[in-house]
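Colleague: File follows, target.txt with compact mmCIF, C-alpha atoms:
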# COMPACT_ATOMS: atom_id res chain seq x y z
CA MET A 14 -12.06 22.53 -4.45
CA THR A 15 -14.86 23.37 -2.01
CA ASP A 16 -17.29 20.66 -0.92
CA THR A 17 -20.03 22.37 -2.94
CA ARG A 18 -17.97 22.43 -6.13
CA ALA A 19 -16.73 18.87 -5.54
CA ALA A 20 -20.29 17.64 -5.01
CA ALA A 21 -21.48 19.37 -8.18
CA ARG A 22 -18.61 17.96 -10.21
CA PHE A 23 -19.13 14.42 -8.90
CA LYS A 24 -22.92 14.57 -9.35
CA GLU A 25 -22.51 15.70 -12.95
CA GLU A 26 -20.05 12.88 -13.64
CA CYS A 27 -22.46 10.35 -12.14
CA GLN A 28 -25.33 11.63 -14.25
CA THR A 29 -23.24 11.56 -17.43
CA ALA A 30 -22.07 7.99 -16.72
CA GLY A 31 -25.54 6.71 -15.81
CA VAL A 32 -24.47 5.80 -12.27
CA HIS A 33 -27.06 4.05 -10.12
CA THR A 34 -24.86 3.04 -7.16
CA VAL A 35 -22.15 4.86 -5.21
CA GLU A 36 -19.64 2.84 -3.18
CA VAL A 37 -18.85 4.72 0.04
CA ALA A 38 -15.39 3.38 0.86
CA ILE A 39 -12.65 3.30 3.46
CA PRO A 40 -9.45 1.21 3.54
CA ASP A 41 -9.20 -0.91 6.66
CA THR A 42 -6.03 -1.75 8.60
CA GLN A 43 -5.23 -4.52 6.09
CA GLY A 44 -5.64 -2.16 3.14
CA HIS A 45 -8.88 -3.84 2.08
CA LEU A 46 -11.67 -1.60 0.79
CA ARG A 47 -14.67 -1.64 3.12
CA GLY A 48 -17.87 0.38 3.02
CA LYS A 49 -21.43 0.34 1.75
CA ARG A 50 -23.19 0.64 -1.59
CA VAL A 51 -25.78 3.40 -1.73
CA PRO A 52 -28.36 4.27 -4.43
CA VAL A 53 -27.08 7.35 -6.21
CA GLU A 54 -30.17 9.45 -5.41
CA ARG A 55 -29.84 8.73 -1.68
CA PHE A 56 -26.12 9.40 -1.79
CA PHE A 57 -26.55 12.95 -3.06
CA SER A 58 -29.69 13.71 -1.02
CA THR A 59 -28.39 12.41 2.31
CA VAL A 60 -25.08 10.55 2.55
CA ALA A 61 -22.95 13.19 0.78
CA THR A 62 -23.54 15.60 3.66
CA ALA A 63 -24.63 13.40 6.59
CA GLY A 64 -22.36 10.39 6.08
CA LEU A 65 -23.25 6.85 7.11
CA ALA A 66 -22.37 4.43 9.88
CA ILE A 67 -20.19 1.32 9.84
CA ALA A 68 -18.95 -0.90 12.69
CA ASP A 69 -15.54 0.12 14.02
CA ALA A 70 -14.66 -3.59 14.02
CA ILE A 71 -13.26 -3.07 10.50
CA PHE A 72 -10.09 -1.68 12.07
CA ILE A 73 -9.30 -4.81 14.12
CA MET A 74 -10.09 -7.54 11.57
CA ASP A 75 -7.33 -9.74 10.20
CA ALA A 76 -7.02 -10.85 6.58
CA GLN A 77 -9.83 -13.41 7.03
CA ASP A 78 -12.07 -11.11 9.08
CA ASP A 79 -11.34 -12.74 12.43
CA LEU A 80 -11.67 -10.19 15.24
CA THR A 81 -8.33 -9.75 17.00
CA ASP A 82 -7.92 -9.02 20.71
CA ASN A 83 -7.82 -5.27 21.13
CA PRO A 84 -8.02 -2.79 24.02
CA PHE A 85 -10.04 -0.20 22.06
CA ILE A 86 -12.59 -2.24 20.11
CA ASN A 87 -14.04 -5.34 21.74
CA MET A 88 -17.13 -6.95 23.27
CA ASP A 89 -16.93 -4.64 26.28
CA THR A 90 -17.05 -1.53 24.10
CA GLY A 91 -19.84 -3.09 22.05
CA TYR A 92 -18.24 -2.72 18.63
CA LEU A 93 -19.50 0.80 18.16
CA ASP A 94 -20.52 2.53 14.97
CA CYS A 95 -18.14 5.02 13.46
CA LYS A 96 -19.17 7.53 10.81
CA LEU A 97 -17.92 7.60 7.23
CA MET A 98 -17.99 11.16 5.85
CA PRO A 99 -17.45 11.33 2.08
CA ASP A 100 -14.42 13.22 0.81
CA LEU A 101 -16.27 14.44 -2.27
CA SER A 102 -13.05 15.45 -4.03
CA THR A 103 -12.24 11.73 -4.36
CA GLY A 104 -15.46 10.78 -6.18
CA ARG A 105 -14.97 8.93 -9.47
CA THR A 106 -16.98 6.74 -11.81
CA PHE A 107 -16.05 3.29 -13.10
CA THR A 108 -15.89 1.86 -16.60
CA HIS A 109 -14.96 -1.70 -15.59
CA GLN A 110 -18.23 -1.77 -13.59
CA PRO A 111 -20.68 0.48 -15.48
CA GLY A 112 -23.31 2.16 -13.34
CA TYR A 113 -21.06 2.36 -10.29
CA ALA A 114 -18.98 5.12 -8.73
CA ILE A 115 -16.84 5.35 -5.61
CA VAL A 116 -15.99 7.99 -3.03
CA PHE A 117 -13.41 7.68 -0.25
CA THR A 118 -14.27 8.84 3.24
CA ASP A 119 -12.86 10.29 6.42
CA VAL A 120 -13.80 8.39 9.58
CA PHE A 121 -15.07 9.85 12.85
CA ASP A 122 -15.58 8.11 16.18
CA GLU A 123 -18.66 8.15 18.42
CA HIS A 124 -17.60 11.56 19.81
CA GLY A 125 -17.24 13.12 16.36
CA ARG A 126 -13.45 13.10 16.48
CA PRO A 127 -11.20 11.79 13.69
CA HIS A 128 -10.81 8.04 14.23
CA GLU A 129 -7.23 7.39 15.29
CA LEU A 130 -7.22 3.80 13.97
CA SER A 131 -8.14 4.76 10.41
CA PRO A 132 -5.17 4.40 8.01
CA ARG A 133 -6.39 7.43 6.07
CA ARG A 134 -6.22 9.47 9.27
CA VAL A 135 -2.69 8.22 10.02
CA LEU A 136 -1.55 9.33 6.56
CA ALA A 137 -3.36 12.68 6.76
CA GLN A 138 -1.44 13.55 9.93
CA GLN A 139 1.91 12.93 8.24
CA ILE A 140 0.89 14.92 5.16
CA GLU A 141 0.11 17.86 7.46
CA ARG A 142 3.47 17.40 9.13
CA CYS A 143 5.20 17.70 5.73
CA ARG A 144 3.15 20.78 4.89
CA GLY A 145 4.11 22.32 8.22
CA LEU A 146 7.73 22.08 7.09
CA GLY A 147 6.86 23.83 3.83
CA TYR A 148 6.63 20.83 1.50
CA GLU A 149 3.88 18.99 -0.38
CA PRO A 150 4.64 15.25 -0.39
CA VAL A 151 4.35 13.48 -3.73
CA ALA A 152 4.17 9.69 -3.95
CA ALA A 153 3.70 6.75 -6.28
CA THR A 154 3.56 3.02 -5.71
CA GLU A 155 4.75 0.20 -7.96
CA LEU A 156 2.74 -2.96 -7.32
CA GLU A 157 3.33 -6.55 -8.38
CA PHE A 158 0.77 -9.35 -8.30
CA TYR A 159 0.50 -12.96 -9.42
CA LEU A 160 -2.14 -13.83 -11.98
CA CYS A 161 -3.53 -17.30 -11.27
CA GLU A 162 -6.07 -19.84 -12.47
CA GLU A 163 -9.28 -20.27 -10.47
CA ASP A 164 -7.58 -22.96 -8.35
CA TRP A 165 -4.73 -20.51 -7.58
CA ARG A 166 -2.11 -22.16 -9.79
CA PRO A 167 0.03 -19.52 -11.55
CA VAL A 168 -1.09 -18.95 -15.13
CA GLN A 169 2.44 -19.76 -16.32
CA ASP A 170 5.11 -22.25 -15.36
CA HIS A 171 8.01 -20.20 -16.67
CA ILE A 172 9.49 -16.69 -16.50
CA LYS A 173 9.69 -14.33 -19.46
CA TYR A 174 10.50 -10.89 -18.08
CA SER A 175 8.91 -7.99 -20.00
CA SER A 176 8.16 -10.18 -23.02
CA LEU A 177 5.81 -8.72 -25.63
CA THR A 178 5.42 -12.13 -27.31
CA ASP A 179 5.10 -14.70 -24.56
CA ALA A 180 1.67 -15.55 -23.08
CA VAL A 181 -0.10 -13.12 -25.35
CA ALA A 182 -3.46 -14.69 -24.41
CA LEU A 183 -3.14 -13.05 -20.98
CA GLU A 184 -3.07 -9.63 -22.59
CA ASP A 185 -6.86 -9.67 -22.98
CA CYS A 186 -7.17 -9.70 -19.20
CA ILE A 187 -4.30 -7.30 -18.52
CA SER A 188 -5.57 -4.90 -21.19
CA ASP A 189 -8.95 -4.84 -19.45
CA MET A 190 -7.16 -4.14 -16.17
CA ARG A 191 -5.37 -1.15 -17.69
CA ALA A 192 -8.64 0.06 -19.21
CA GLY A 193 -10.49 -0.31 -15.90
CA LEU A 194 -7.79 1.59 -14.03
CA LEU A 195 -7.79 4.36 -16.63
CA GLY A 196 -11.59 4.46 -16.53
CA ALA A 197 -11.44 5.04 -12.77
CA GLY A 198 -9.13 8.01 -13.28
CA LEU A 199 -5.85 6.29 -12.42
CA ASP A 200 -2.94 7.46 -14.56
CA VAL A 201 -1.57 4.16 -15.90
CA GLU A 202 1.97 4.40 -17.25
CA SER A 203 2.68 0.82 -18.35
CA SER A 204 2.40 -2.87 -17.54
CA ASN A 205 4.83 -5.74 -17.97
CA ALA A 206 5.55 -9.34 -17.07
CA GLU A 207 7.84 -9.44 -14.04
CA TYR A 208 10.49 -11.90 -12.86
CA GLY A 209 8.14 -14.69 -11.81
CA PRO A 210 5.77 -17.12 -13.57
CA GLY A 211 2.57 -15.10 -13.92
CA LEU A 212 3.97 -12.16 -11.98
CA ILE A 213 2.66 -8.86 -13.38
CA GLU A 214 3.51 -5.24 -12.67
CA VAL A 215 1.37 -2.23 -13.56
CA ASN A 216 2.74 1.25 -12.91
CA ILE A 217 0.58 4.23 -11.91
CA SER A 218 1.92 7.78 -12.16
CA TYR A 219 2.72 9.93 -9.13
CA ALA A 220 0.22 12.16 -7.33
CA ASP A 221 -0.16 13.91 -4.00
CA ALA A 222 0.38 11.42 -1.18
CA MET A 223 -3.29 10.84 -0.25
CA THR A 224 -4.39 10.45 -3.85
CA ALA A 225 -1.54 8.00 -4.45
CA ALA A 226 -2.56 5.90 -1.44
CA ASP A 227 -6.25 5.91 -2.41
CA ALA A 228 -5.27 4.95 -5.96
CA THR A 229 -3.21 2.01 -4.70
CA VAL A 230 -6.12 0.54 -2.73
CA LEU A 231 -8.43 1.06 -5.69
CA PHE A 232 -5.83 -0.47 -8.01
CA LYS A 233 -5.87 -3.71 -6.02
CA SER A 234 -9.65 -3.87 -6.01
CA ILE A 235 -10.02 -3.29 -9.75
CA VAL A 236 -7.27 -5.76 -10.67
CA LYS A 237 -8.95 -8.48 -8.59
CA GLN A 238 -12.40 -7.77 -10.04
CA VAL A 239 -11.21 -7.80 -13.65
CA ALA A 240 -9.27 -11.04 -13.11
CA VAL A 241 -12.41 -12.78 -11.85
CA ARG A 242 -14.36 -11.65 -14.90
CA HIS A 243 -11.77 -13.39 -17.05
CA GLY A 244 -12.05 -16.62 -15.06
CA LEU A 245 -8.74 -15.90 -13.33
CA ARG A 246 -7.59 -14.71 -9.92
CA ALA A 247 -5.09 -12.05 -8.85
CA THR A 248 -3.22 -12.11 -5.55
CA PHE A 249 -1.06 -9.57 -3.77
CA MET A 250 0.19 -12.19 -1.30
CA PRO A 251 3.83 -11.18 -0.78
CA LYS A 252 5.42 -14.65 -1.03
CA PRO A 253 3.05 -17.30 -2.45
CA TRP A 254 5.84 -19.75 -3.38
CA ALA A 255 9.18 -19.96 -1.60
CA GLU A 256 11.10 -20.78 -4.77
CA GLU A 257 9.70 -17.86 -6.81
CA SER A 258 9.97 -14.09 -6.59
CA GLY A 259 7.69 -12.37 -4.14
CA SER A 260 5.38 -9.45 -4.89
CA GLY A 261 6.53 -6.03 -3.78
CA MET A 262 5.21 -2.52 -3.28
CA HIS A 263 7.88 0.04 -4.06
CA VAL A 264 7.08 3.48 -2.65
CA HIS A 265 8.46 6.51 -4.51
CA THR A 266 8.48 9.90 -2.78
CA SER A 267 9.58 13.44 -3.50
CA LEU A 268 8.73 16.89 -2.14
CA ASN A 269 7.20 19.80 -4.01
CA VAL A 270 7.62 23.49 -3.31
CA ASP A 271 5.36 25.83 -5.30
CA GLY A 272 4.47 22.93 -7.59
CA ALA A 273 8.07 22.06 -8.46
CA ASN A 274 10.15 19.06 -7.35
CA ALA A 275 12.54 20.23 -4.64
CA PHE A 276 14.87 17.32 -5.47
CA ALA A 277 15.23 18.43 -9.11
CA ASP A 278 18.69 20.00 -8.76
CA SER A 279 20.19 16.74 -7.51
CA ASP A 280 22.91 15.77 -9.99
CA SER A 281 24.24 12.20 -9.72
CA ALA A 282 23.81 12.46 -5.94
CA PRO A 283 21.04 13.69 -3.63
CA ASN A 284 20.87 17.42 -2.97
CA GLU A 285 20.85 18.61 0.65
CA LEU A 286 17.09 18.29 1.07
CA MET A 287 16.93 14.87 -0.54
CA SER A 288 19.84 13.71 1.64
CA LYS A 289 18.04 14.66 4.83
CA TRP A 290 14.84 12.97 3.60
CA LEU A 291 16.84 9.85 2.73
CA GLY A 292 18.58 10.00 6.12
CA GLY A 293 15.21 9.70 7.82
CA LEU A 294 14.23 6.67 5.72
CA LEU A 295 17.47 4.93 6.64
CA GLU A 296 17.11 5.86 10.31
CA HIS A 297 13.66 4.29 10.62
CA ALA A 298 13.91 1.51 8.01
CA GLN A 299 14.01 -1.34 10.50
CA SER A 300 10.90 -0.18 12.36
CA MET A 301 9.14 0.47 9.04
CA SER A 302 9.52 -3.24 8.26
CA LEU A 303 6.35 -4.07 10.18
CA LEU A 304 4.36 -1.67 8.00
CA GLY A 305 5.82 -3.25 4.87
CA ALA A 306 5.57 -6.87 6.04
CA PRO A 307 2.67 -7.17 8.51
CA THR A 308 2.59 -11.01 8.37
CA ASP A 309 5.17 -13.75 8.69
CA ASN A 310 4.68 -14.53 5.01
CA GLY A 311 5.70 -10.99 4.13
CA ALA A 312 8.91 -11.37 6.08
CA LYS A 313 9.83 -14.36 3.89
CA ARG A 314 10.45 -11.95 0.99
CA VAL A 315 13.49 -10.61 2.84
CA ARG A 316 16.01 -13.04 1.38
CA PRO A 317 19.14 -12.57 -0.75
CA TYR A 318 18.88 -12.50 -4.54
CA THR A 319 15.11 -11.98 -4.62
CA PHE A 320 15.13 -8.29 -5.66
CA ALA A 321 13.84 -7.53 -2.17
CA PRO A 322 16.40 -5.71 0.03
CA THR A 323 17.89 -7.47 3.01
CA HIS A 324 19.83 -4.58 4.62
CA VAL A 325 19.54 -0.86 5.29
CA HIS A 326 21.48 0.92 2.54
CA TRP A 327 21.01 3.31 -0.34
CA GLY A 328 22.35 3.78 -3.82
CA GLY A 329 21.78 5.25 -7.23
CA ASP A 330 20.10 3.26 -9.99
CA ASN A 331 20.79 -0.04 -8.24
CA ARG A 332 18.06 -2.62 -7.62
CA THR A 333 19.97 -4.44 -4.89
CA VAL A 334 19.70 -1.52 -2.43
CA MET A 335 16.85 -0.67 -0.09
CA ALA A 336 16.56 3.01 -1.03
CA ARG A 337 17.17 3.70 -4.72
CA CYS A 338 17.75 7.37 -5.53
CA ILE A 339 16.95 8.80 -8.95
CA THR A 340 19.12 11.91 -9.31
CA GLU A 341 19.22 13.16 -12.87
CA ALA A 342 20.34 16.77 -13.28
CA GLY A 343 17.34 19.08 -13.49
CA SER A 344 14.81 16.24 -13.59
CA SER A 345 11.32 16.71 -12.22
CA GLY A 346 11.30 12.92 -11.72
CA ASN A 347 14.02 12.85 -9.06
CA ARG A 348 12.84 10.79 -6.11
CA VAL A 349 13.66 8.18 -3.49
CA GLU A 350 12.32 4.68 -4.09
CA PHE A 351 11.82 2.68 -0.89
CA ARG A 352 11.94 -0.96 -2.03
CA ALA A 353 11.35 -2.97 1.15
CA ALA A 354 7.55 -3.30 1.36
CA GLY A 355 5.52 -6.28 0.19
CA ALA A 356 2.47 -6.02 -2.05
CA ASP A 357 0.13 -6.76 0.87
CA ALA A 358 1.24 -3.66 2.77
CA THR A 359 -1.48 -1.10 3.43
CA ALA A 360 -0.60 1.79 1.12
CA HIS A 361 -1.83 4.53 3.45
CA LEU A 362 0.24 3.17 6.33
CA MET A 363 3.34 2.49 4.25
CA ILE A 364 3.32 5.96 2.73
CA ALA A 365 2.61 7.44 6.18
CA GLY A 366 5.65 5.60 7.54
CA VAL A 367 7.87 6.92 4.75
CA LEU A 368 6.62 10.48 5.27
CA ALA A 369 7.08 10.26 9.04
CA ALA A 370 10.62 8.96 8.62
CA GLY A 371 11.46 11.52 5.95
CA CYS A 372 10.10 14.41 8.01
CA ASP A 373 12.19 13.27 10.96
CA GLY A 374 15.20 13.37 8.66
CA LEU A 375 14.37 16.94 7.66
CA GLU A 376 13.68 18.10 11.22
CA ARG A 377 16.86 16.59 12.65
CA GLY A 378 19.10 17.09 9.62
CA LEU A 379 19.99 13.40 9.58
CA PRO A 380 23.12 12.49 7.62
CA VAL A 381 23.47 9.58 5.21
CA PRO A 382 26.32 7.05 5.04
CA PRO A 383 28.36 6.63 1.86
CA MET A 384 26.42 5.39 -1.16
CA SER A 385 26.41 1.63 -1.66
CA GLU A 386 27.57 0.34 -5.03
CA GLY A 387 27.53 -3.04 -6.71
CA ASP A 388 25.89 -6.22 -5.43
CA MET A 389 24.63 -5.43 -1.93
CA TYR A 390 23.47 -9.00 -1.38
CA THR A 391 27.02 -10.34 -1.63
CA ASN A 392 28.70 -7.61 0.36
CA PRO A 393 26.37 -5.60 2.61
CA GLY A 394 29.36 -4.62 4.75
CA ASP A 395 28.37 -3.10 8.06
CA CYS A 396 24.87 -2.13 6.91
CA ALA A 397 22.21 -3.12 9.43
CA PRO A 398 20.02 -6.10 8.44
CA LEU A 399 16.32 -5.64 7.92
CA PRO A 400 14.07 -7.86 10.06
CA ALA A 401 13.68 -11.22 8.32
CA THR A 402 10.91 -12.56 10.58
CA LEU A 403 7.66 -11.10 11.84
CA ALA A 404 8.91 -11.43 15.43
CA ASP A 405 11.93 -9.26 14.61
CA ALA A 406 9.76 -6.72 12.79
CA ILE A 407 7.44 -6.46 15.80
CA ALA A 408 10.43 -5.97 18.10
CA ALA A 409 11.82 -3.23 15.83
CA TYR A 410 8.51 -1.35 15.77
CA ARG A 411 7.45 -1.70 19.40
CA GLY A 412 8.44 1.38 21.39
CA SER A 413 10.19 2.94 18.40
CA PRO A 414 10.17 6.65 17.56
CA LEU A 415 8.27 5.72 14.38
CA ALA A 416 5.50 4.06 16.43
CA ASP A 417 5.20 7.25 18.47
CA MET A 418 5.10 9.43 15.36
CA LEU A 419 2.26 7.38 13.85
CA GLY A 420 0.20 7.61 17.04
CA THR A 421 0.06 5.66 20.30
CA ASP A 422 -3.47 4.31 19.80
CA PHE A 423 -2.83 3.36 16.19
CA SER A 424 0.45 1.62 17.00
CA THR A 425 -1.07 -0.28 19.93
CA ASN A 426 -3.83 -1.50 17.64
CA TYR A 427 -1.40 -2.39 14.85
CA LEU A 428 0.82 -4.39 17.20
CA CYS A 429 -2.21 -6.33 18.46
CA THR A 430 -2.93 -7.49 14.91
CA ALA A 431 0.75 -8.31 14.27
CA GLU A 432 0.98 -10.40 17.45
CA HIS A 433 -2.19 -12.23 16.40
CA GLU A 434 -0.50 -13.07 13.07
CA LEU A 435 2.69 -14.14 14.84
CA ALA A 436 0.84 -16.59 17.08
CA LEU A 437 -0.99 -18.14 14.13
CA ALA A 438 2.23 -18.46 12.12
CA ALA A 439 4.09 -20.08 15.01
CA GLU A 440 1.37 -22.72 15.23
CA ASN A 441 0.76 -23.32 11.54
CA SER A 442 3.87 -22.29 9.60
CA PRO A 443 6.92 -22.50 11.89
CA ASP A 444 9.63 -22.94 9.22
CA PRO A 445 10.87 -19.47 8.11
CA GLU A 446 12.12 -20.84 4.78
CA VAL A 447 8.95 -22.71 3.76
CA VAL A 448 5.69 -21.32 2.38
CA ASN A 449 3.07 -23.95 3.10
CA ASP A 450 -0.53 -24.65 2.13
CA TRP A 451 -1.85 -23.06 5.33
CA GLU A 452 -0.28 -19.73 4.31
CA ARG A 453 -1.64 -19.96 0.79
CA ALA A 454 -5.12 -20.80 2.07
CA ARG A 455 -4.92 -17.85 4.45
CA PHE A 456 -3.53 -15.18 2.12
CA LEU A 457 -3.87 -15.97 -1.59
CA ALA A 458 -7.51 -14.86 -1.83
CA HIS A 459 -7.31 -12.24 0.90
CA CYS A 460 -4.25 -10.17 -0.04
Transcribe the structure of this file into structure tokens.

Modeller:
Amino acid sequence: MTDTRAAARFKEECQTAGVHTVEVAIPDTQGHLRGKRVPVERFFSTVATAGLAIADAIFIMDAQDDLTDNPFINMDTGYLDCKLMPDLSTGRTFTHQPGYAIVFTDVFDEHGRPHELSPRRVLAQQIERCRGLGYEPVAATELEFYLCEEDWRPVQDHIKYSSLTDAVALEDCISDMRAGLLGAGLDVESSNAEYGPGLIEVNISYADAMTAADATVLFKSIVKQVAVRHGLRATFMPKPWAEESGSGMHVHTSLNVDGANAFADSDSAPNELMSKWLGGLLEHAQSMSLLGAPTDNGAKRVRPYTFAPTHVHWGGDNRTVMARCITEAGSSGNRVEFRAAGADATAHLMIAGVLAAGCDGLERGLPVPPMSEGDMYTNPGDCAPLPATLADAIAAYRGSPLADMLGTDFSTNYLCTAEHELALAAENSPDPEVVNDWERARFLAHC
């Protein structure tokens, strides 16, 4: 769709929905939606074509908006403006917040160049890499979150996985979440109670990789807003309570050629293309851990018998493996599910990491080891362990081929934030098996 057609389509939708305010949005390095709210008339008369400015400090803020030490953005540089240019094809109206619409943006630096620290830019580069190999990457994310009271106690004290009877009073809130997501154009498949007290999962259908990442960030925002309107709170903190399940982000990917799934002829095992893609994910899984667990709290999910993987392995329909492969003969739904990331991971960066790893597998023809079967917590064999601390995740990422593929400037910036988190955790939460009140105060409201 051309910019002109996209603008006309979005303007018509805004007029039909009675929109008075457009949110001009960009995900920051933490995956939090930043931006500005603009009167709809000004948006279409000026901002739609000229963009607007925002401080580049958004790319170095931690979860609580502290400014981290950084060689690119600091007091010496003056915290410059960068420009948000609307991607008009992403414009959509809201029903959970009548009168409002949102449009995602591309970010440009003070020289008019794409901003290398923007997660959307990092993902766009890997999408182009896939396209250069002849494939259109398709992705979906599965997200879990805890629903809590206003004081951040879980809304339940027991587990009732996928019950349609238990805690029916919560359905008013969850139903409004589904409705709000649908009203924003997200293709909701289902929702269910997960394996934790107050742990909820809502599934959104697959889309092209950028749309899937944008939808994930928007998903988090809408879920949080709807929870507040019901007097509740939602958190995507990866491990709020040590004794309970953590919240994950499972990333599903496949490749399309001429609109058809190129993994479709896999039959009980990956086809040649899927095998090479999978080989890349296994090759770079350890360095991807920092993208999936950017805080020490996230690393605490990586424990046996938590439904979070602890080692680098793959299998079929097996929820104890890291990479779960769906390979039904002739199925357009064949895909690889990467299960290691926490719910606080930045979707654009996590999907970018998976695409970068998968493309490397295609380019180098990387092989895969034998498929893992059975309980891979009990017997991981000689499979390499995933980093179980933030320090180990940083070490795995630093200087890795994955860090190079995602961009030197981006990776330098990302490591600065990770080291900032590591120093805070060492001072305030030194026990790797305990989730303490400092962590909850830091992350419950901000993830």

Colleague: Between A:Gly259, A:Gly374, A:Gly346, A:Gly272, which is the closest to Tyr318 (chain A) once you count all atoms listed in the file?

Modeller: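 Among the listed residues, the smallest separation from Tyr318 (chain A) belongs to A:Gly259.
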
Colleague: Compare A:Pro167, A:Pro307, A:Pro445, A:Gly198 by their minimum atom-to-atom distance to Thr430 (chain A), counting only C-alpha atoms, and give me the closest one.

Modeller: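 Checking each of A:Pro167, A:Pro307, A:Pro445, A:Gly198 against Thr430 (chain A), counting only C-alpha atoms, the winner is A:Pro307.
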
Colleague: For CA of Glu207 (chain A) and CA of Ala255 (chain A), determine how far apart the two atoms are, in Å to one decimal place.

Modeller: 16.3 Å

Colleague: Got a sec: who's within 12 Å of Ala439 (chain A), counting all atoms listed in the file, leaving out chain neighbours fewer than 4 positions off, as a ChimeraX atom specification?

Modeller: /A:308-310,402-404,432-435,443-445,451-452

Colleague: Out of A:Leu375, A:Ala20, A:Met384, A:Leu194, which residue has the shortest atom-to-atom distance to Asn331 (chain A) when counting all atoms listed in the file?

Modeller: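 Among the listed residues, A:Met384 lies closest to Asn331 (chain A).
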
Colleague: When you look at region 41-51 of chain A with a cut-off of 8 Å (counting all atoms listed in the file), what residues show up, excluding the ones that are within fewer than 3 positions of it in the same chain? I need them as a list in words.

Modeller: Thr34, Val35, Glu36, Val37, Ala38, Arg55, Phe56, Ile67, Ile71, Phe72, Ile73, Met74, Asp75, Ala76, Leu130, Ser131, Pro132, Val230, Leu231, Ser234, Asp357, Ala358, Thr359, Ala360, His361 and Tyr427 of chain A

Colleague: Please determine, counting only C-alpha atoms, which residue among A:Val241, A:Ala206, A:Val60, A:Leu291 has the shortest atom-to-atom distance to Glu163 (chain A).

Modeller: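 Using only C-alpha atoms, Glu163 (chain A) sits closest to A:Val241.
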
Colleague: Counting all atoms listed in the file, what is within 10 Å of region 170-174 of chain A, bar same-chain residues fewer than 4 positions away, as a list in words?

Modeller: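 Answer for this query is Arg166, Thr178, Asp179, Ala180, Asn205, Ala206, Glu207, Tyr208, Gly209, Pro210, Gly211, Leu212, Ile213 and Glu257 of chain A.
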
Colleague: So, counting all atoms listed in the file, which residue among A:Val239, A:Ala114, A:Leu245, A:Ala342 is closest to Asp278 (chain A)?

Modeller: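 That would be A:Ala342, the residue with the smallest distance to Asp278 (chain A).
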
Colleague: From the set A:Glu157, A:Asp69, A:Glu285, A:Asp89, which residue has the shortest atom-to-atom contact distance to Ser258 (chain A), counting all atoms listed in the file?

Modeller: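 Using all atoms listed in the file, Ser258 (chain A) sits closest to A:Glu157.
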
Colleague: Please report the interatomic distance between CA of Pro150 (chain A) and CA of Ala336 (chain A) in Å with one decimal.

Modeller: 17.1 Å

Colleague: For His297 (chain A), please output as a ChimeraX atom specification all residues within 12 Å (counting only C-alpha atoms; exclusion window: fewer than 2 positions along the same chain).

Modeller: /A:290-295,299-304,325-326,351,366-374,379,397,399,406,409-410,413-418

Colleague: Give as a list of chain:residue names each residue that has an atom at most 10 Å from (-0.4, 21.0, -5.1) in the file, counting all atoms listed in the file.

Modeller: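 The distance filter leaves exactly A:Tyr148, A:Glu149, A:Pro150, A:Val151, A:Ala220, A:Asp221, A:Asn269, A:Val270, A:Asp271, A:Gly272, A:Ala273.
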
Colleague: Just want the 8 Å neighbourhood of Arg133 (chain A), counted on only C-alpha atoms, with same-chain residues fewer than 4 positions away dropped. Output as a PDB file with C-alpha atoms, keeping the file's coordinate frame.

Modeller:
ATOM      1  CA  ILE A  39     -12.650   3.300   3.460  1.00  0.00           C
ATOM      2  CA  PRO A  40      -9.450   1.210   3.540  1.00  0.00           C
ATOM      3  CA  ASP A 119     -12.860  10.290   6.420  1.00  0.00           C
ATOM      4  CA  ALA A 137      -3.360  12.680   6.760  1.00  0.00           C
ATOM      5  CA  MET A 223      -3.290  10.840  -0.250  1.00  0.00           C
ATOM      6  CA  HIS A 361      -1.830   4.530   3.450  1.00  0.00           C
ATOM      7  CA  LEU A 362       0.240   3.170   6.330  1.00  0.00           C
TER       8      LEU A 362
END

Colleague: Figure out the distance between CA of Ala321 (chain A) and CA of Ala454 (chain A), please, to one decimal in Å.

Modeller: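 Going from CA of Ala454 (chain A) over to CA of Ala321 (chain A) covers 23.5 Å.
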
Colleague: Please define a box with edges along x, y and z of the file around all atoms of region 263-273 of chain A given in the file, extend it by 6 Å on each side, and return its centre and edge lengths in Å to one decimal, as lines of an AutoDock Vina configuration file.

Modeller:
center_x = 7.0
center_y = 12.9
center_z = -5.3
size_x = 17.1
size_y = 37.8
size_z = 18.3

Colleague: Select all residues near (13.5, 14.2, -14.1) (cut-off 12 Å, inclusive, file coordinates), counting all atoms listed in the file, and output them as a short mmCIF file (atom, residue, chain, number, x, y, z; two decimals) with C-alpha atoms, in the frame of the given file.

Modeller:
data_model
loop_
_atom_site.label_atom_id
_atom_site.label_comp_id
_atom_site.auth_asym_id
_atom_site.auth_seq_id
_atom_site.Cartn_x
_atom_site.Cartn_y
_atom_site.Cartn_z
CA SER A 267 9.58 13.44 -3.50
CA ALA A 273 8.07 22.06 -8.46
CA ASN A 274 10.15 19.06 -7.35
CA ALA A 275 12.54 20.23 -4.64
CA PHE A 276 14.87 17.32 -5.47
CA ALA A 277 15.23 18.43 -9.11
CA ASP A 278 18.69 20.00 -8.76
CA SER A 279 20.19 16.74 -7.51
CA ASP A 280 22.91 15.77 -9.99
CA SER A 281 24.24 12.20 -9.72
CA CYS A 338 17.75 7.37 -5.53
CA ILE A 339 16.95 8.80 -8.95
CA THR A 340 19.12 11.91 -9.31
CA GLU A 341 19.22 13.16 -12.87
CA ALA A 342 20.34 16.77 -13.28
CA GLY A 343 17.34 19.08 -13.49
CA SER A 344 14.81 16.24 -13.59
CA SER A 345 11.32 16.71 -12.22
CA GLY A 346 11.30 12.92 -11.72
CA ASN A 347 14.02 12.85 -9.06
CA ARG A 348 12.84 10.79 -6.11
#
